[in-house]
$ cat start07.cif   # mmCIF, C-alpha atoms and all ligand atoms
data_data
#
loop_
_atom_site.group_PDB
_atom_site.id
_atom_site.type_symbol
_atom_site.label_atom_id
_atom_site.label_comp_id
_atom_site.auth_asym_id
_atom_site.auth_seq_id
_atom_site.Cartn_x
_atom_site.Cartn_y
_atom_site.Cartn_z
ATOM 1 C CA MET A 1 -4.676 25.392 3.404
ATOM 2 C CA SER A 2 -1.164 24.174 2.589
ATOM 3 C CA SER A 3 -0.699 22.975 -0.985
ATOM 4 C CA THR A 4 1.765 20.277 0.140
ATOM 5 C CA VAL A 5 0.326 16.869 -0.681
ATOM 6 C CA LYS A 6 -0.025 14.582 2.357
ATOM 7 C CA VAL A 7 0.486 10.886 1.699
ATOM 8 C CA SER A 8 -0.034 7.982 4.101
ATOM 9 C CA VAL A 9 1.603 4.683 3.156
ATOM 10 C CA ILE A 10 -0.222 2.008 5.158
ATOM 11 C CA TYR A 11 0.818 -1.612 4.786
ATOM 12 C CA TYR A 12 0.874 -4.999 6.409
ATOM 13 C CA SER A 13 3.913 -7.264 6.101
ATOM 14 C CA SER A 14 4.772 -10.566 7.778
ATOM 15 C CA THR A 15 8.195 -11.259 6.336
ATOM 16 C CA GLY A 16 9.301 -7.835 5.122
ATOM 17 C CA PHE A 17 8.717 -7.789 1.367
ATOM 18 C CA SER A 18 5.705 -5.469 1.493
ATOM 19 C CA ALA A 19 7.506 -3.368 4.099
ATOM 20 C CA GLU A 20 10.439 -2.898 1.722
ATOM 21 C CA ILE A 21 8.152 -1.649 -1.055
ATOM 22 C CA ALA A 22 6.354 0.609 1.422
ATOM 23 C CA LYS A 23 9.679 2.239 2.302
ATOM 24 C CA GLU A 24 10.584 2.740 -1.362
ATOM 25 C CA ILE A 25 7.176 4.328 -2.038
ATOM 26 C CA ALA A 26 7.382 6.550 1.040
ATOM 27 C CA GLU A 27 10.846 7.809 0.072
ATOM 28 C CA ALA A 28 9.800 8.454 -3.526
ATOM 29 C CA ALA A 29 6.663 10.327 -2.429
ATOM 30 C CA GLU A 30 8.787 12.480 -0.153
ATOM 31 C CA LYS A 31 11.233 13.190 -2.986
ATOM 32 C CA ALA A 32 8.240 14.180 -5.128
ATOM 33 C CA GLY A 33 7.447 16.889 -2.547
ATOM 34 C CA ALA A 34 4.854 15.174 -0.347
ATOM 35 C CA GLU A 35 4.669 15.044 3.423
ATOM 36 C CA VAL A 36 4.593 11.337 4.198
ATOM 37 C CA ARG A 37 3.475 9.056 6.999
ATOM 38 C CA LEU A 38 4.694 5.452 6.857
ATOM 39 C CA ARG A 39 2.466 3.216 8.974
ATOM 40 C CA LYS A 40 1.983 -0.527 9.515
ATOM 41 C CA ALA A 41 -1.317 -2.277 10.165
ATOM 42 C CA ALA A 42 -1.491 -3.816 13.627
ATOM 43 C CA GLU A 43 -0.539 -7.489 13.904
ATOM 44 C CA LEU A 44 -3.410 -9.876 14.653
ATOM 45 C CA ALA A 45 -1.575 -13.208 14.610
ATOM 46 C CA PRO A 46 -0.778 -14.966 17.882
ATOM 47 C CA GLU A 47 2.776 -14.692 19.221
ATOM 48 C CA ALA A 48 3.231 -18.453 18.786
ATOM 49 C CA ALA A 49 2.500 -18.254 15.055
ATOM 50 C CA ILE A 50 5.004 -15.435 14.602
ATOM 51 C CA ALA A 51 7.665 -17.190 16.645
ATOM 52 C CA SER A 52 7.255 -20.390 14.601
ATOM 53 C CA ASN A 53 8.445 -18.642 11.412
ATOM 54 C CA GLU A 54 12.012 -17.305 11.496
ATOM 55 C CA ALA A 55 11.491 -14.650 8.800
ATOM 56 C CA TRP A 56 8.238 -13.444 10.377
ATOM 57 C CA ALA A 57 9.779 -13.197 13.852
ATOM 58 C CA ALA A 58 12.806 -11.339 12.457
ATOM 59 C CA HIS A 59 10.658 -8.843 10.578
ATOM 60 C CA ALA A 60 8.358 -8.306 13.573
ATOM 61 C CA ALA A 61 11.406 -7.369 15.644
ATOM 62 C CA ALA A 62 12.964 -5.209 12.913
ATOM 63 C CA SER A 63 9.739 -3.249 12.335
ATOM 64 C CA ALA A 64 8.857 -2.735 15.996
ATOM 65 C CA GLY A 65 9.598 0.983 15.660
ATOM 66 C CA VAL A 66 7.203 1.612 12.756
ATOM 67 C CA PRO A 67 4.101 3.396 14.067
ATOM 68 C CA VAL A 68 0.825 1.465 13.903
ATOM 69 C CA ALA A 69 -1.740 2.992 11.531
ATOM 70 C CA THR A 70 -4.803 4.710 12.949
ATOM 71 C CA PRO A 71 -7.874 6.049 11.128
ATOM 72 C CA GLN A 72 -6.469 9.539 11.664
ATOM 73 C CA ASP A 73 -3.638 8.662 9.253
ATOM 74 C CA VAL A 74 -6.272 8.252 6.534
ATOM 75 C CA GLU A 75 -8.257 11.325 7.540
ATOM 76 C CA TRP A 76 -5.053 13.429 7.494
ATOM 77 C CA ALA A 77 -3.958 12.330 4.036
ATOM 78 C CA ASP A 78 -4.788 13.606 0.570
ATOM 79 C CA ALA A 79 -3.617 10.253 -0.796
ATOM 80 C CA VAL A 80 -3.323 6.814 0.793
ATOM 81 C CA ILE A 81 -1.233 4.014 -0.660
ATOM 82 C CA PHE A 82 -2.108 0.640 0.846
ATOM 83 C CA GLY A 83 0.140 -2.434 0.616
ATOM 84 C CA THR A 84 -0.393 -6.081 1.502
ATOM 85 C CA PRO A 85 0.961 -9.548 0.878
ATOM 86 C CA THR A 86 -1.620 -11.694 -0.873
ATOM 87 C CA ARG A 87 -3.556 -14.188 1.210
ATOM 88 C CA PHE A 88 -5.082 -16.703 -1.202
ATOM 89 C CA GLY A 89 -5.622 -13.934 -3.763
ATOM 90 C CA ASN A 90 -7.058 -11.557 -1.236
ATOM 91 C CA VAL A 91 -6.053 -8.732 1.098
ATOM 92 C CA SER A 92 -4.324 -9.832 4.334
ATOM 93 C CA SER A 93 -6.654 -9.931 7.329
ATOM 94 C CA GLN A 94 -4.419 -7.442 9.138
ATOM 95 C CA LEU A 95 -4.837 -4.762 6.470
ATOM 96 C CA LYS A 96 -8.495 -5.655 6.042
ATOM 97 C CA GLN A 97 -9.033 -5.252 9.781
ATOM 98 C CA PHE A 98 -7.526 -1.783 9.508
ATOM 99 C CA LEU A 99 -9.913 -0.934 6.643
ATOM 100 C CA ASP A 100 -12.770 -2.147 8.824
ATOM 101 C CA THR A 101 -11.858 0.408 11.510
ATOM 102 C CA LEU A 102 -12.634 3.208 9.046
ATOM 103 C CA GLY A 103 -16.415 2.954 9.377
ATOM 104 C CA GLY A 104 -16.669 6.055 11.563
ATOM 105 C CA LEU A 105 -14.820 8.228 9.042
ATOM 106 C CA TRP A 106 -16.785 6.676 6.201
ATOM 107 C CA ALA A 107 -20.086 7.558 7.920
ATOM 108 C CA GLN A 108 -18.965 11.189 8.055
ATOM 109 C CA GLY A 109 -17.949 11.179 4.383
ATOM 110 C CA ARG A 110 -14.338 11.754 5.357
ATOM 111 C CA LEU A 111 -12.822 8.986 3.239
ATOM 112 C CA ALA A 112 -14.197 10.474 0.018
ATOM 113 C CA ASP A 113 -12.461 12.715 -2.528
ATOM 114 C CA LYS A 114 -9.009 11.328 -1.755
ATOM 115 C CA VAL A 115 -6.612 9.478 -4.008
ATOM 116 C CA TYR A 116 -5.945 5.803 -3.214
ATOM 117 C CA SER A 117 -3.568 3.273 -4.720
ATOM 118 C CA GLY A 118 -2.181 -0.135 -3.788
ATOM 119 C CA PHE A 119 0.723 -2.569 -3.982
ATOM 120 C CA VAL A 120 1.028 -6.283 -3.361
ATOM 121 C CA THR A 121 3.531 -9.085 -2.867
ATOM 122 C CA THR A 122 3.135 -12.786 -3.633
ATOM 123 C CA ALA A 123 5.321 -15.859 -3.272
ATOM 124 C CA THR A 124 4.708 -17.050 -6.838
ATOM 125 C CA THR A 125 4.427 -15.494 -10.286
ATOM 126 C CA HIS A 126 0.898 -14.080 -10.698
ATOM 127 C CA GLY A 127 -0.072 -15.790 -7.402
ATOM 128 C CA GLY A 128 -3.147 -13.562 -6.956
ATOM 129 C CA GLN A 129 -1.528 -10.168 -7.479
ATOM 130 C CA GLU A 130 -4.274 -8.597 -9.581
ATOM 131 C CA SER A 131 -7.134 -10.189 -7.641
ATOM 132 C CA THR A 132 -5.654 -8.877 -4.400
ATOM 133 C CA LEU A 133 -5.372 -5.337 -5.731
ATOM 134 C CA LEU A 134 -8.873 -5.465 -7.190
ATOM 135 C CA ALA A 135 -10.196 -6.737 -3.845
ATOM 136 C CA LEU A 136 -8.444 -3.829 -2.120
ATOM 137 C CA TYR A 137 -9.896 -1.382 -4.639
ATOM 138 C CA ASN A 138 -13.456 -2.620 -3.929
ATOM 139 C CA SER A 139 -13.285 -0.766 -0.619
ATOM 140 C CA ILE A 140 -12.040 2.432 -2.287
ATOM 141 C CA HIS A 141 -15.226 2.625 -4.340
ATOM 142 C CA HIS A 142 -17.245 2.418 -1.132
ATOM 143 C CA PHE A 143 -15.142 5.227 0.337
ATOM 144 C CA GLY A 144 -15.932 7.487 -2.626
ATOM 145 C CA GLY A 145 -12.203 7.565 -3.273
ATOM 146 C CA LEU A 146 -10.359 7.893 -6.565
ATOM 147 C CA VAL A 147 -8.280 4.874 -7.525
ATOM 148 C CA VAL A 148 -5.056 6.068 -9.124
ATOM 149 C CA ALA A 149 -3.595 2.924 -10.609
ATOM 150 C CA PRO A 150 -0.291 3.149 -12.471
ATOM 151 C CA GLY A 151 -1.729 1.729 -15.686
ATOM 152 C CA TYR A 152 0.897 1.769 -18.441
ATOM 153 C CA THR A 153 1.758 5.425 -17.865
ATOM 154 C CA ASP A 154 5.536 4.965 -17.876
ATOM 155 C CA PRO A 155 7.987 2.677 -19.703
ATOM 156 C CA VAL A 156 8.714 0.873 -16.391
ATOM 157 C CA LYS A 157 5.186 -0.502 -16.465
ATOM 158 C CA TYR A 158 5.930 -2.446 -19.627
ATOM 159 C CA ILE A 159 8.698 -4.193 -17.675
ATOM 160 C CA ASP A 160 6.894 -4.997 -14.423
ATOM 161 C CA GLY A 161 3.657 -5.573 -16.336
ATOM 162 C CA ASN A 162 1.107 -4.874 -13.619
ATOM 163 C CA PRO A 163 -1.138 -1.877 -14.385
ATOM 164 C CA TYR A 164 -3.113 -2.377 -11.154
ATOM 165 C CA GLY A 165 -0.250 -1.496 -8.801
ATOM 166 C CA THR A 166 3.324 -2.281 -7.914
ATOM 167 C CA SER A 167 3.748 -5.993 -7.356
ATOM 168 C CA HIS A 168 6.582 -8.259 -6.335
ATOM 169 C CA VAL A 169 7.159 -12.005 -6.498
ATOM 170 C CA ASP A 170 9.232 -13.071 -3.497
ATOM 171 C CA GLY A 171 10.059 -16.541 -4.861
ATOM 172 C CA GLN A 172 9.086 -18.293 -1.605
ATOM 173 C CA GLY A 173 11.130 -15.765 0.326
ATOM 174 C CA ASN A 174 14.203 -16.042 -1.918
ATOM 175 C CA ASN A 175 13.789 -13.037 -4.216
ATOM 176 C CA PRO A 176 14.603 -9.697 -2.581
ATOM 177 C CA VAL A 177 12.880 -6.535 -3.768
ATOM 178 C CA GLY A 178 15.013 -5.504 -6.752
ATOM 179 C CA PRO A 179 15.286 -2.713 -9.329
ATOM 180 C CA GLN A 180 12.220 -3.737 -11.356
ATOM 181 C CA THR A 181 9.895 -3.537 -8.349
ATOM 182 C CA ARG A 182 11.613 -0.398 -7.036
ATOM 183 C CA ASP A 183 11.200 1.373 -10.405
ATOM 184 C CA ALA A 184 7.497 0.514 -10.411
ATOM 185 C CA ALA A 185 7.139 1.643 -6.784
ATOM 186 C CA ARG A 186 8.801 4.995 -7.472
ATOM 187 C CA HIS A 187 6.640 5.599 -10.528
ATOM 188 C CA GLN A 188 3.481 4.774 -8.579
ATOM 189 C CA ALA A 189 4.473 7.134 -5.755
ATOM 190 C CA GLU A 190 5.289 9.996 -8.132
ATOM 191 C CA ARG A 191 2.039 9.518 -10.041
ATOM 192 C CA VAL A 192 -0.036 9.448 -6.854
ATOM 193 C CA VAL A 193 1.595 12.648 -5.584
ATOM 194 C CA ARG A 194 1.094 14.380 -8.940
ATOM 195 C CA ILE A 195 -2.578 13.431 -9.309
ATOM 196 C CA ALA A 196 -3.337 14.084 -5.627
ATOM 197 C CA GLY A 197 -1.723 17.519 -5.977
ATOM 198 C CA ALA A 198 -3.870 18.348 -9.004
ATOM 199 C CA LEU A 199 -7.002 17.129 -7.199
ATOM 200 C CA LYS A 200 -6.157 19.102 -4.068
ATOM 201 C CA ALA A 201 -5.564 22.290 -6.064
ATOM 202 C CA GLY A 202 -8.770 21.739 -8.019
ATOM 203 C CA LEU A 203 -10.872 21.166 -4.902
ATOM 204 C CA ALA A 204 -9.384 24.268 -3.250
ATOM 205 C CA ALA A 205 -10.056 26.502 -6.287
HETATM 206 C C1 LIG B 301 -2.012 -17.773 4.519
HETATM 207 C C2 LIG B 301 -1.148 -17.358 3.369
HETATM 208 C C3 LIG B 301 -1.665 -17.381 2.100
HETATM 209 C C4 LIG B 301 -0.876 -17.046 1.005
HETATM 210 N N1 LIG B 301 -1.412 -17.109 -0.252
HETATM 211 C C5 LIG B 301 -0.621 -16.915 -1.315
HETATM 212 C C6 LIG B 301 -1.122 -17.061 -2.628
HETATM 213 O O1 LIG B 301 -2.295 -17.376 -2.838
HETATM 214 N N2 LIG B 301 -0.269 -16.856 -3.676
HETATM 215 C C7 LIG B 301 1.041 -16.526 -3.488
HETATM 216 O O2 LIG B 301 1.772 -16.363 -4.465
HETATM 217 N N3 LIG B 301 1.542 -16.336 -2.238
HETATM 218 C C8 LIG B 301 0.743 -16.513 -1.153
HETATM 219 N N4 LIG B 301 1.242 -16.346 0.102
HETATM 220 C C9 LIG B 301 2.617 -15.860 0.266
HETATM 221 C C10 LIG B 301 2.758 -14.361 0.606
HETATM 222 O O3 LIG B 301 1.722 -13.584 0.076
HETATM 223 C C11 LIG B 301 4.082 -13.857 0.049
HETATM 224 O O4 LIG B 301 5.138 -14.647 0.520
HETATM 225 C C12 LIG B 301 4.324 -12.376 0.311
HETATM 226 O O5 LIG B 301 5.301 -11.915 -0.590
HETATM 227 C C13 LIG B 301 4.838 -12.105 1.716
HETATM 228 O O6 LIG B 301 4.899 -10.707 1.893
HETATM 229 P P1 LIG B 301 5.459 -10.066 3.239
HETATM 230 O O7 LIG B 301 6.917 -10.398 3.308
HETATM 231 O O8 LIG B 301 5.227 -8.602 3.092
HETATM 232 O O9 LIG B 301 4.701 -10.653 4.370
HETATM 233 C C14 LIG B 301 0.468 -16.656 1.205
HETATM 234 C C15 LIG B 301 0.996 -16.615 2.512
HETATM 235 C C16 LIG B 301 0.194 -16.974 3.580
HETATM 236 C C17 LIG B 301 0.783 -16.955 4.962
#
$ encode --input "start07.cif" --output "structure tokens" --more "lines below"
Ligand SMILES: Cc1cc2nc3c(=O)[nH]c(=O)nc-3n(C[C@H](O)[C@H](O)[C@H](O)COP(=O)(O)O)c2cc1C
Amino acid sequence: MSSTVKVSVIYYSSTGFSAEIAKEIAEAAEKAGAEVRLRKAAELAPEAAIASNEAWAAHAAASAGVPVATPQDVEWADAVIFGTPTRFGNVSSQLKQFLDTLGGLWAQGRLADKVYSGFVTTATTHGGQESTLLALYNSIHHFGGLVVAPGYTDPVKYIDGNPYGTSHVDGQGNNPVGPQTRDAARHQAERVVRIAGALKAGLAA
């Protein structure tokens, strides 16, 4: 069995903020030595809803080439990093729908013994960031997965201040993903790869 850590970054994004963090995390995981799959959750919203929002329509077009996540992307991975915009303090229905397609793998015990972590974006400060990540992490416990949250394991966490996962405030669409969020994203990716590597080696021993 190869010792290379396999990481799937699986996210949903309407207007591109979560997608931007997903890219940063995927690149950092790759730099940390992992083999990475970057995947988006399938869109569920009607075309008319997407077309009615300029930023949403633009991001849908720009991300058309990103492969849609399948359960196999979770089965393949040693570590999965999920990302979502908050929806009233909860996980987006698109990402949740993807989680709900994992029942078959769950029934075979194939979601267990993997590392999982999460990131979130909101329009407003706080805005449901921690509740969204905790809601996401509920499912990980049912998988038998290991939540690897960033905690305060690096000085960057004292700046971004969210021990549950990388988080970004988009300021109603006006605040691009900047250095603070990118630092947190890179740290989270590196930590996930490191812990997943140790777990993989330990399980193989
Ligand atoms: C239905 C809906 C509910 C939302 N609820 C919240 C919320 O409770 N708090 C908040 O700060 N932002 C909320 N937002 C805003 C998005 O979570 C936020 O703009 C996010 O950064 C967008 O990420 P994206 O660009 O990846 O889609 C909501 C957006 C929608 C469409």
$ residues_near_point --input "start07.cif" --point "(1.6, -5.0, -9.4)" --cutoff "9 Å" --atoms "all atoms listed in the file" --output "NGL selection string"
:A and (118-121 or 129-130 or 133 or 150 or 160-168 or 181 or 184)
$ residues_around --input "start07.cif" --residues "Gly83 of chain A" --least-positions-apart "6" --cutoff "12 Å" --atoms "all atoms listed in the file" --output "PDB file with C-alpha atoms, in the coordinates of the input"
ATOM      1  CA  SER A   8      -0.034   7.982   4.101  1.00  0.00           C
ATOM      2  CA  VAL A   9       1.603   4.683   3.156  1.00  0.00           C
ATOM      3  CA  ILE A  10      -0.222   2.008   5.158  1.00  0.00           C
ATOM      4  CA  TYR A  11       0.818  -1.612   4.786  1.00  0.00           C
ATOM      5  CA  TYR A  12       0.874  -4.999   6.409  1.00  0.00           C
ATOM      6  CA  SER A  13       3.913  -7.264   6.101  1.00  0.00           C
ATOM      7  CA  SER A  14       4.772 -10.566   7.778  1.00  0.00           C
ATOM      8  CA  GLY A  16       9.301  -7.835   5.122  1.00  0.00           C
ATOM      9  CA  PHE A  17       8.717  -7.789   1.367  1.00  0.00           C
ATOM     10  CA  SER A  18       5.705  -5.469   1.493  1.00  0.00           C
ATOM     11  CA  ALA A  19       7.506  -3.368   4.099  1.00  0.00           C
ATOM     12  CA  GLU A  20      10.439  -2.898   1.722  1.00  0.00           C
ATOM     13  CA  ILE A  21       8.152  -1.649  -1.055  1.00  0.00           C
ATOM     14  CA  ALA A  22       6.354   0.609   1.422  1.00  0.00           C
ATOM     15  CA  LYS A  23       9.679   2.239   2.302  1.00  0.00           C
ATOM     16  CA  GLU A  24      10.584   2.740  -1.362  1.00  0.00           C
ATOM     17  CA  ILE A  25       7.176   4.328  -2.038  1.00  0.00           C
ATOM     18  CA  ALA A  26       7.382   6.550   1.040  1.00  0.00           C
ATOM     19  CA  LEU A  38       4.694   5.452   6.857  1.00  0.00           C
ATOM     20  CA  ARG A  39       2.466   3.216   8.974  1.00  0.00           C
ATOM     21  CA  LYS A  40       1.983  -0.527   9.515  1.00  0.00           C
ATOM     22  CA  ALA A  41      -1.317  -2.277  10.165  1.00  0.00           C
ATOM     23  CA  ASN A  90      -7.058 -11.557  -1.236  1.00  0.00           C
ATOM     24  CA  VAL A  91      -6.053  -8.732   1.098  1.00  0.00           C
ATOM     25  CA  SER A  92      -4.324  -9.832   4.334  1.00  0.00           C
ATOM     26  CA  GLN A  94      -4.419  -7.442   9.138  1.00  0.00           C
ATOM     27  CA  LEU A  95      -4.837  -4.762   6.470  1.00  0.00           C
ATOM     28  CA  LYS A  96      -8.495  -5.655   6.042  1.00  0.00           C
ATOM     29  CA  PHE A  98      -7.526  -1.783   9.508  1.00  0.00           C
ATOM     30  CA  LEU A  99      -9.913  -0.934   6.643  1.00  0.00           C
ATOM     31  CA  TYR A 116      -5.945   5.803  -3.214  1.00  0.00           C
ATOM     32  CA  SER A 117      -3.568   3.273  -4.720  1.00  0.00           C
ATOM     33  CA  GLY A 118      -2.181  -0.135  -3.788  1.00  0.00           C
ATOM     34  CA  PHE A 119       0.723  -2.569  -3.982  1.00  0.00           C
ATOM     35  CA  VAL A 120       1.028  -6.283  -3.361  1.00  0.00           C
ATOM     36  CA  THR A 121       3.531  -9.085  -2.867  1.00  0.00           C
ATOM     37  CA  THR A 122       3.135 -12.786  -3.633  1.00  0.00           C
ATOM     38  CA  GLN A 129      -1.528 -10.168  -7.479  1.00  0.00           C
ATOM     39  CA  THR A 132      -5.654  -8.877  -4.400  1.00  0.00           C
ATOM     40  CA  LEU A 133      -5.372  -5.337  -5.731  1.00  0.00           C
ATOM     41  CA  LEU A 136      -8.444  -3.829  -2.120  1.00  0.00           C
ATOM     42  CA  TYR A 137      -9.896  -1.382  -4.639  1.00  0.00           C
ATOM     43  CA  GLY A 165      -0.250  -1.496  -8.801  1.00  0.00           C
ATOM     44  CA  THR A 166       3.324  -2.281  -7.914  1.00  0.00           C
ATOM     45  CA  SER A 167       3.748  -5.993  -7.356  1.00  0.00           C
ATOM     46  CA  HIS A 168       6.582  -8.259  -6.335  1.00  0.00           C
ATOM     47  CA  ALA A 185       7.139   1.643  -6.784  1.00  0.00           C
TER      48      ALA A 185
END
$ axis_aligned_box --input "start07.cif" --around "ligand LIG 301 (chain B)" --padding-each-side "4 Å" --output "AutoDock Vina command-line options"
--center_x 2.3 --center_y -13.2 --center_z 0.2 --size_x 17.2 --size_y 17.2 --size_z 17.4
$ closest_residue --input "start07.cif" --among "A:Arg194, A:Arg87, A:His141, A:Lys157" --to "ligand LIG 301 (chain B)" --atoms "all atoms listed in the file"
A:Arg87
$ residues_near_point --input "start07.cif" --point "(-15.4, 6.3, 9.9)" --cutoff "10 Å" --atoms "all atoms listed in the file" --output "PyMOL selection string"
chain A and resi 71-72+74-75+99-111+143
$ atom_distance --input "start07.cif" --atom1 "atom CA of Lys114 of chain A" --atom2 "atom CA of Ala196 of chain A"
7.4 Å
$ atom_distance --input "start07.cif" --atom1 "atom CA of Ile140 of chain A" --atom2 "atom CA of Lys200 of chain A"
17.8 Å
$ closest_residue --input "start07.cif" --among "A:Ala60, A:Ala149, A:Ile81, A:Leu199" --to "ligand LIG 301 (chain B)" --atoms "all atoms listed in the file"
A:Ala60
$ atom_distance --input "start07.cif" --atom1 "atom CA of Thr4 of chain A" --atom2 "atom CA of Ala34 of chain A"
6.0 Å
$ closest_residue --input "start07.cif" --among "A:Val66, A:Ile159, A:Val192, A:Ala45" --to "Phe82 of chain A" --atoms "only C-alpha atoms"
A:Val192
$ closest_residue --input "start07.cif" --among "A:Asp154, A:Asp183, A:Glu35, A:Glu30" --to "Trp76 of chain A" --atoms "all atoms listed in the file"
A:Glu35
$ resolve_selection --input "start07.cif" --expression "the PyMOL selection byres (((chain A and resi 113) around 8) and not hetatm)" --output "number ranges by chain"
A: 111-112, 114-115, 144-146
$ closest_residue --input "start07.cif" --among "A:Val169, A:Leu203, A:Ala64, A:Val7" --to "Thr86 of chain A" --atoms "all atoms listed in the file"
A:Val169
$ build_atoms --input "start07.cif" --residues "segment 158-165 of chain A" --atoms "all heavy atoms" --output "short mmCIF file (atom, residue, chain, number, x, y, z; two decimals), in the coordinates of the input"
data_model
loop_
_atom_site.label_atom_id
_atom_site.label_comp_id
_atom_site.auth_asym_id
_atom_site.auth_seq_id
_atom_site.Cartn_x
_atom_site.Cartn_y
_atom_site.Cartn_z
N TYR A 158 5.86 -1.38 -18.62
CA TYR A 158 5.93 -2.45 -19.63
C TYR A 158 6.93 -3.53 -19.19
O TYR A 158 6.97 -4.61 -19.75
CB TYR A 158 6.31 -1.86 -20.99
CG TYR A 158 5.20 -1.02 -21.56
CD1 TYR A 158 5.13 0.34 -21.30
CD2 TYR A 158 4.18 -1.60 -22.32
CE1 TYR A 158 4.09 1.12 -21.79
CE2 TYR A 158 3.14 -0.83 -22.82
CZ TYR A 158 3.10 0.53 -22.56
OH TYR A 158 2.06 1.28 -23.03
N ILE A 159 7.74 -3.20 -18.19
CA ILE A 159 8.70 -4.19 -17.68
C ILE A 159 8.07 -4.97 -16.52
O ILE A 159 8.05 -6.19 -16.51
CB ILE A 159 10.01 -3.50 -17.25
CG1 ILE A 159 10.64 -2.84 -18.48
CG2 ILE A 159 10.98 -4.49 -16.61
CD1 ILE A 159 11.76 -1.87 -18.18
N ASP A 160 7.47 -4.26 -15.56
CA ASP A 160 6.89 -5.00 -14.42
C ASP A 160 5.53 -5.58 -14.77
O ASP A 160 5.12 -6.59 -14.19
CB ASP A 160 6.87 -4.13 -13.14
CG ASP A 160 5.52 -3.49 -12.88
OD1 ASP A 160 5.01 -2.81 -13.79
OD2 ASP A 160 4.99 -3.66 -11.77
N GLY A 161 4.83 -4.94 -15.73
CA GLY A 161 3.66 -5.57 -16.34
C GLY A 161 2.40 -5.62 -15.51
O GLY A 161 1.46 -6.33 -15.85
N ASN A 162 2.34 -4.85 -14.41
CA ASN A 162 1.11 -4.87 -13.62
C ASN A 162 0.50 -3.48 -13.55
O ASN A 162 0.92 -2.65 -12.75
CB ASN A 162 1.37 -5.41 -12.21
CG ASN A 162 0.07 -5.69 -11.48
OD1 ASN A 162 -0.97 -5.11 -11.79
ND2 ASN A 162 0.11 -6.58 -10.50
N PRO A 163 -0.53 -3.22 -14.37
CA PRO A 163 -1.14 -1.88 -14.38
C PRO A 163 -1.98 -1.57 -13.15
O PRO A 163 -2.38 -0.44 -12.94
CB PRO A 163 -2.02 -1.92 -15.65
CG PRO A 163 -2.36 -3.36 -15.82
CD PRO A 163 -1.18 -4.14 -15.32
N TYR A 164 -2.24 -2.57 -12.32
CA TYR A 164 -3.11 -2.38 -11.15
C TYR A 164 -2.36 -1.79 -9.96
O TYR A 164 -2.97 -1.22 -9.06
CB TYR A 164 -3.75 -3.71 -10.74
CG TYR A 164 -4.63 -4.29 -11.82
CD1 TYR A 164 -4.09 -5.03 -12.87
CD2 TYR A 164 -6.01 -4.09 -11.79
CE1 TYR A 164 -4.90 -5.54 -13.87
CE2 TYR A 164 -6.82 -4.61 -12.79
CZ TYR A 164 -6.26 -5.33 -13.82
OH TYR A 164 -7.05 -5.85 -14.81
N GLY A 165 -1.04 -2.00 -9.93
CA GLY A 165 -0.25 -1.50 -8.80
C GLY A 165 1.09 -2.21 -8.78
O GLY A 165 1.26 -3.25 -9.41
#
